[in-house]
Amino acid sequence: MAYSMYRDRDGRGDSGTMSMALLPTYEDGKVVDVEYIHNARPQIGYVMRVGSIYARSYSAQDWWQTTVITEILEDTVNEDGSEYVKFRTGNSIYEWRKD
């Protein structure tokens with residue numbers, strides 16, 4: 001599977017074989033635990049990380065991570081199995097794809 005996720009305003013993001021959701025658990029407004037969900041689709045409350053599980057280089061970041069998703073703007077699954085989700089975080093809009 002190939003995943004990609006890019007920010008609308010400047011095209012920054014990443015692509016690769018990893019699409020991981022981080023689901024934080026809060027107590028008194030502080031993160032006390034994080035659940036990691038592999039091969040995940042964006043959902044409200046998730047932090048998304050897309051890129052490579054393995055190091056590609058020592059000088060470059062190996063994945064791109066968002067802040068918490070606050071709104072799903074568009075969600076499409078095509079007949080060929082490809083998927084597209086457009087979502088909003090606190091300060092950005094992203095496009096996520098699974099091909």
# chains A, B, ... in the order shown; residues from 1 in each chain; ligands from 1
call {"tool": "select_by_dssp", "arguments": {"residues": "chain A", "states": "strand (DSSP E or B)", "output": "ChimeraX atom specification"}}
result
/A:3-7,13-16,18-27,30-37,47-51,63-65,69-77,83-89,93-98
call {"tool": "residues_around", "arguments": {"residues": "Gln43 of chain A", "least_positions_apart": "2", "cutoff": "8 Å", "atoms": "only C-alpha atoms", "output": "list in words"}}
result
Arg41, Gly45, Tyr46, Ile69 and Ile72 of chain A
call {"tool": "atom_distance", "arguments": {"atom1": "atom CA of Leu23 of chain A", "atom2": "atom CA of Gly51 of chain A"}}
result
17.6 Å
call {"tool": "residues_around", "arguments": {"residues": "Asp14 of chain A", "least_positions_apart": "2", "cutoff": "6 Å", "atoms": "only C-alpha atoms", "output": "ChimeraX atom specification"}}
result
/A:4-5,51,64
call {"tool": "closest_residue", "arguments": {"among": "A:Met20, A:Val34, A:Ile93, A:Val77", "to": "Gln65 of chain A", "atoms": "only C-alpha atoms"}}
result
A:Met20
call {"tool": "closest_residue", "arguments": {"among": "A:Glu95, A:Val68, A:Gly81, A:Leu22", "to": "His38 of chain A", "atoms": "only C-alpha atoms"}}
result
A:Leu22
call {"tool": "residues_around", "arguments": {"residues": "Asp8 of chain A", "least_positions_apart": "2", "cutoff": "9 Å", "atoms": "only C-alpha atoms", "output": "ChimeraX atom specification"}}
result
/A:6,10-12,92-95
call {"tool": "write_last_selection", "arguments": {"atoms": "all heavy atoms", "output": "PDB file, in the first residue's frame"}}
result
ATOM      1  N   TYR A   6      -0.551  15.551   2.195  1.00  0.00           N
ATOM      2  CA  TYR A   6       0.060  16.838   1.924  1.00  0.00           C
ATOM      3  C   TYR A   6      -0.828  17.969   2.406  1.00  0.00           C
ATOM      4  O   TYR A   6      -2.053  17.900   2.303  1.00  0.00           O
ATOM      5  CB  TYR A   6       0.345  16.984   0.423  1.00  0.00           C
ATOM      6  CG  TYR A   6       1.407  16.010  -0.024  1.00  0.00           C
ATOM      7  CD1 TYR A   6       1.066  14.798  -0.597  1.00  0.00           C
ATOM      8  CD2 TYR A   6       2.746  16.292   0.177  1.00  0.00           C
ATOM      9  CE1 TYR A   6       2.035  13.885  -0.970  1.00  0.00           C
ATOM     10  CE2 TYR A   6       3.728  15.385  -0.194  1.00  0.00           C
ATOM     11  CZ  TYR A   6       3.373  14.191  -0.774  1.00  0.00           C
ATOM     12  OH  TYR A   6       4.334  13.287  -1.135  1.00  0.00           O
ATOM     13  N   ASP A  10       0.824  24.773   1.375  1.00  0.00           N
ATOM     14  CA  ASP A  10       2.181  24.845   0.846  1.00  0.00           C
ATOM     15  C   ASP A  10       2.680  23.535   0.219  1.00  0.00           C
ATOM     16  O   ASP A  10       3.813  23.464  -0.241  1.00  0.00           O
ATOM     17  CB  ASP A  10       3.155  25.300   1.928  1.00  0.00           C
ATOM     18  CG  ASP A  10       3.179  24.383   3.142  1.00  0.00           C
ATOM     19  OD1 ASP A  10       2.532  23.310   3.102  1.00  0.00           O
ATOM     20  OD2 ASP A  10       3.821  24.755   4.147  1.00  0.00           O
ATOM     21  N   GLY A  11       1.831  22.505   0.204  1.00  0.00           N
ATOM     22  CA  GLY A  11       2.217  21.240  -0.416  1.00  0.00           C
ATOM     23  C   GLY A  11       3.191  20.405   0.392  1.00  0.00           C
ATOM     24  O   GLY A  11       3.658  19.371  -0.080  1.00  0.00           O
ATOM     25  N   ARG A  12       3.494  20.816   1.615  1.00  0.00           N
ATOM     26  CA  ARG A  12       4.417  20.042   2.448  1.00  0.00           C
ATOM     27  C   ARG A  12       3.726  18.793   2.967  1.00  0.00           C
ATOM     28  O   ARG A  12       2.533  18.799   3.246  1.00  0.00           O
ATOM     29  CB  ARG A  12       4.918  20.880   3.625  1.00  0.00           C
ATOM     30  CG  ARG A  12       5.579  22.149   3.184  1.00  0.00           C
ATOM     31  CD  ARG A  12       7.013  22.390   3.501  1.00  0.00           C
ATOM     32  NE  ARG A  12       7.752  21.377   4.187  1.00  0.00           N
ATOM     33  CZ  ARG A  12       8.495  21.612   5.250  1.00  0.00           C
ATOM     34  NH1 ARG A  12       8.531  22.816   5.782  1.00  0.00           N
ATOM     35  NH2 ARG A  12       9.184  20.652   5.806  1.00  0.00           N
ATOM     36  N   SER A  92      -4.503  23.785   9.847  1.00  0.00           N
ATOM     37  CA  SER A  92      -4.208  23.411   8.455  1.00  0.00           C
ATOM     38  C   SER A  92      -5.289  22.521   7.874  1.00  0.00           C
ATOM     39  O   SER A  92      -6.083  21.931   8.598  1.00  0.00           O
ATOM     40  CB  SER A  92      -2.868  22.661   8.372  1.00  0.00           C
ATOM     41  OG  SER A  92      -1.809  23.447   8.828  1.00  0.00           O
ATOM     42  N   ILE A  93      -5.258  22.413   6.537  1.00  0.00           N
ATOM     43  CA  ILE A  93      -6.096  21.468   5.810  1.00  0.00           C
ATOM     44  C   ILE A  93      -5.166  20.531   5.068  1.00  0.00           C
ATOM     45  O   ILE A  93      -4.191  20.956   4.442  1.00  0.00           O
ATOM     46  CB  ILE A  93      -7.058  22.189   4.833  1.00  0.00           C
ATOM     47  CG1 ILE A  93      -8.060  23.016   5.615  1.00  0.00           C
ATOM     48  CG2 ILE A  93      -7.755  21.189   3.916  1.00  0.00           C
ATOM     49  CD1 ILE A  93      -8.977  23.868   4.755  1.00  0.00           C
ATOM     50  N   TYR A  94      -5.454  19.205   5.152  1.00  0.00           N
ATOM     51  CA  TYR A  94      -4.618  18.186   4.539  1.00  0.00           C
ATOM     52  C   TYR A  94      -5.437  17.333   3.585  1.00  0.00           C
ATOM     53  O   TYR A  94      -6.640  17.169   3.759  1.00  0.00           O
ATOM     54  CB  TYR A  94      -4.041  17.255   5.616  1.00  0.00           C
ATOM     55  CG  TYR A  94      -2.921  17.858   6.399  1.00  0.00           C
ATOM     56  CD1 TYR A  94      -3.166  18.577   7.561  1.00  0.00           C
ATOM     57  CD2 TYR A  94      -1.601  17.710   5.989  1.00  0.00           C
ATOM     58  CE1 TYR A  94      -2.138  19.129   8.299  1.00  0.00           C
ATOM     59  CE2 TYR A  94      -0.556  18.256   6.719  1.00  0.00           C
ATOM     60  CZ  TYR A  94      -0.834  18.966   7.859  1.00  0.00           C
ATOM     61  OH  TYR A  94       0.195  19.506   8.576  1.00  0.00           O
ATOM     62  N   GLU A  95      -4.731  16.741   2.611  1.00  0.00           N
ATOM     63  CA  GLU A  95      -5.305  15.734   1.733  1.00  0.00           C
ATOM     64  C   GLU A  95      -4.521  14.449   1.940  1.00  0.00           C
ATOM     65  O   GLU A  95      -3.290  14.436   1.821  1.00  0.00           O
ATOM     66  CB  GLU A  95      -5.227  16.179   0.281  1.00  0.00           C
ATOM     67  CG  GLU A  95      -6.103  17.378   0.016  1.00  0.00           C
ATOM     68  CD  GLU A  95      -6.133  17.800  -1.442  1.00  0.00           C
ATOM     69  OE1 GLU A  95      -5.711  16.986  -2.310  1.00  0.00           O
ATOM     70  OE2 GLU A  95      -6.567  18.914  -1.716  1.00  0.00           O
TER      71      GLU A  95
END
call {"tool": "atom_distance", "arguments": {"atom1": "atom CA of Tyr36 of chain A", "atom2": "atom CA of Gly90 of chain A"}}
result
20.6 Å
call {"tool": "atom_distance", "arguments": {"atom1": "atom CA of Ala21 of chain A", "atom2": "atom CA of Ile44 of chain A"}}
result
10.6 Å
call {"tool": "closest_residue", "arguments": {"among": "A:Tyr54, A:Phe87, A:Trp96, A:Tyr26", "to": "Ala2 of chain A", "atoms": "only C-alpha atoms"}}
result
A:Trp96
call {"tool": "closest_residue", "arguments": {"among": "A:Glu35, A:Arg49, A:Arg7, A:Arg97", "to": "Asp62 of chain A", "atoms": "only C-alpha atoms"}}
result
A:Arg49
call {"tool": "closest_residue", "arguments": {"among": "A:Asn78, A:Thr89, A:Thr70, A:Ser52", "to": "Ser19 of chain A", "atoms": "only C-alpha atoms"}}
result
A:Ser52
call {"tool": "closest_residue", "arguments": {"among": "A:Asn39, A:Lys30, A:Gly13, A:Asp99", "to": "Thr66 of chain A", "atoms": "only C-alpha atoms"}}
result
A:Gly13
call {"tool": "decode", "arguments": {"residues": "segment 73-90 of chain A", "atoms": "N, CA and C atoms", "output": "PDB file, in the first residue's frame"}}
result
ATOM      1  N   LEU A  73     -13.558  16.937   5.966  1.00  0.00           N
ATOM      2  CA  LEU A  73     -14.194  17.773   4.948  1.00  0.00           C
ATOM      3  C   LEU A  73     -14.718  16.955   3.772  1.00  0.00           C
ATOM      4  N   GLU A  74     -14.013  15.874   3.446  1.00  0.00           N
ATOM      5  CA  GLU A  74     -14.406  15.002   2.325  1.00  0.00           C
ATOM      6  C   GLU A  74     -13.842  13.618   2.580  1.00  0.00           C
ATOM      7  N   ASP A  75     -14.613  12.588   2.252  1.00  0.00           N
ATOM      8  CA  ASP A  75     -14.180  11.206   2.481  1.00  0.00           C
ATOM      9  C   ASP A  75     -14.717  10.357   1.337  1.00  0.00           C
ATOM     10  N   THR A  76     -13.816   9.798   0.518  1.00  0.00           N
ATOM     11  CA  THR A  76     -14.208   9.057  -0.667  1.00  0.00           C
ATOM     12  C   THR A  76     -13.453   7.732  -0.761  1.00  0.00           C
ATOM     13  N   VAL A  77     -14.170   6.665  -1.078  1.00  0.00           N
ATOM     14  CA  VAL A  77     -13.560   5.373  -1.392  1.00  0.00           C
ATOM     15  C   VAL A  77     -14.013   5.021  -2.798  1.00  0.00           C
ATOM     16  N   ASN A  78     -13.066   4.820  -3.703  1.00  0.00           N
ATOM     17  CA  ASN A  78     -13.379   4.534  -5.098  1.00  0.00           C
ATOM     18  C   ASN A  78     -13.506   3.036  -5.350  1.00  0.00           C
ATOM     19  N   GLU A  79     -14.123   2.696  -6.462  1.00  0.00           N
ATOM     20  CA  GLU A  79     -14.327   1.284  -6.826  1.00  0.00           C
ATOM     21  C   GLU A  79     -13.022   0.522  -6.966  1.00  0.00           C
ATOM     22  N   ASP A  80     -11.945   1.214  -7.345  1.00  0.00           N
ATOM     23  CA  ASP A  80     -10.649   0.545  -7.516  1.00  0.00           C
ATOM     24  C   ASP A  80      -9.920   0.348  -6.183  1.00  0.00           C
ATOM     25  N   GLY A  81     -10.539   0.772  -5.072  1.00  0.00           N
ATOM     26  CA  GLY A  81      -9.944   0.593  -3.753  1.00  0.00           C
ATOM     27  C   GLY A  81      -9.137   1.777  -3.261  1.00  0.00           C
ATOM     28  N   SER A  82      -8.913   2.761  -4.145  1.00  0.00           N
ATOM     29  CA  SER A  82      -8.188   3.948  -3.695  1.00  0.00           C
ATOM     30  C   SER A  82      -9.087   4.776  -2.773  1.00  0.00           C
ATOM     31  N   GLU A  83      -8.461   5.495  -1.856  1.00  0.00           N
ATOM     32  CA  GLU A  83      -9.203   6.271  -0.870  1.00  0.00           C
ATOM     33  C   GLU A  83      -8.664   7.691  -0.807  1.00  0.00           C
ATOM     34  N   TYR A  84      -9.539   8.629  -0.466  1.00  0.00           N
ATOM     35  CA  TYR A  84      -9.172  10.041  -0.365  1.00  0.00           C
ATOM     36  C   TYR A  84      -9.919  10.647   0.818  1.00  0.00           C
ATOM     37  N   VAL A  85      -9.184  11.354   1.675  1.00  0.00           N
ATOM     38  CA  VAL A  85      -9.799  12.060   2.796  1.00  0.00           C
ATOM     39  C   VAL A  85      -9.177  13.451   2.869  1.00  0.00           C
ATOM     40  N   LYS A  86     -10.025  14.455   2.882  1.00  0.00           N
ATOM     41  CA  LYS A  86      -9.587  15.832   3.099  1.00  0.00           C
ATOM     42  C   LYS A  86     -10.041  16.210   4.500  1.00  0.00           C
ATOM     43  N   PHE A  87      -9.119  16.734   5.312  1.00  0.00           N
ATOM     44  CA  PHE A  87      -9.454  17.011   6.702  1.00  0.00           C
ATOM     45  C   PHE A  87      -8.786  18.282   7.209  1.00  0.00           C
ATOM     46  N   ARG A  88      -9.307  18.765   8.324  1.00  0.00           N
ATOM     47  CA  ARG A  88      -8.805  19.987   8.946  1.00  0.00           C
ATOM     48  C   ARG A  88      -8.217  19.650  10.316  1.00  0.00           C
ATOM     49  N   THR A  89      -7.094  20.280  10.622  1.00  0.00           N
ATOM     50  CA  THR A  89      -6.537  20.238  11.972  1.00  0.00           C
ATOM     51  C   THR A  89      -6.754  21.634  12.567  1.00  0.00           C
ATOM     52  N   GLY A  90      -6.146  21.927  13.691  1.00  0.00           N
ATOM     53  CA  GLY A  90      -6.324  23.230  14.314  1.00  0.00           C
ATOM     54  C   GLY A  90      -5.878  24.396  13.458  1.00  0.00           C
TER      55      GLY A  90
END
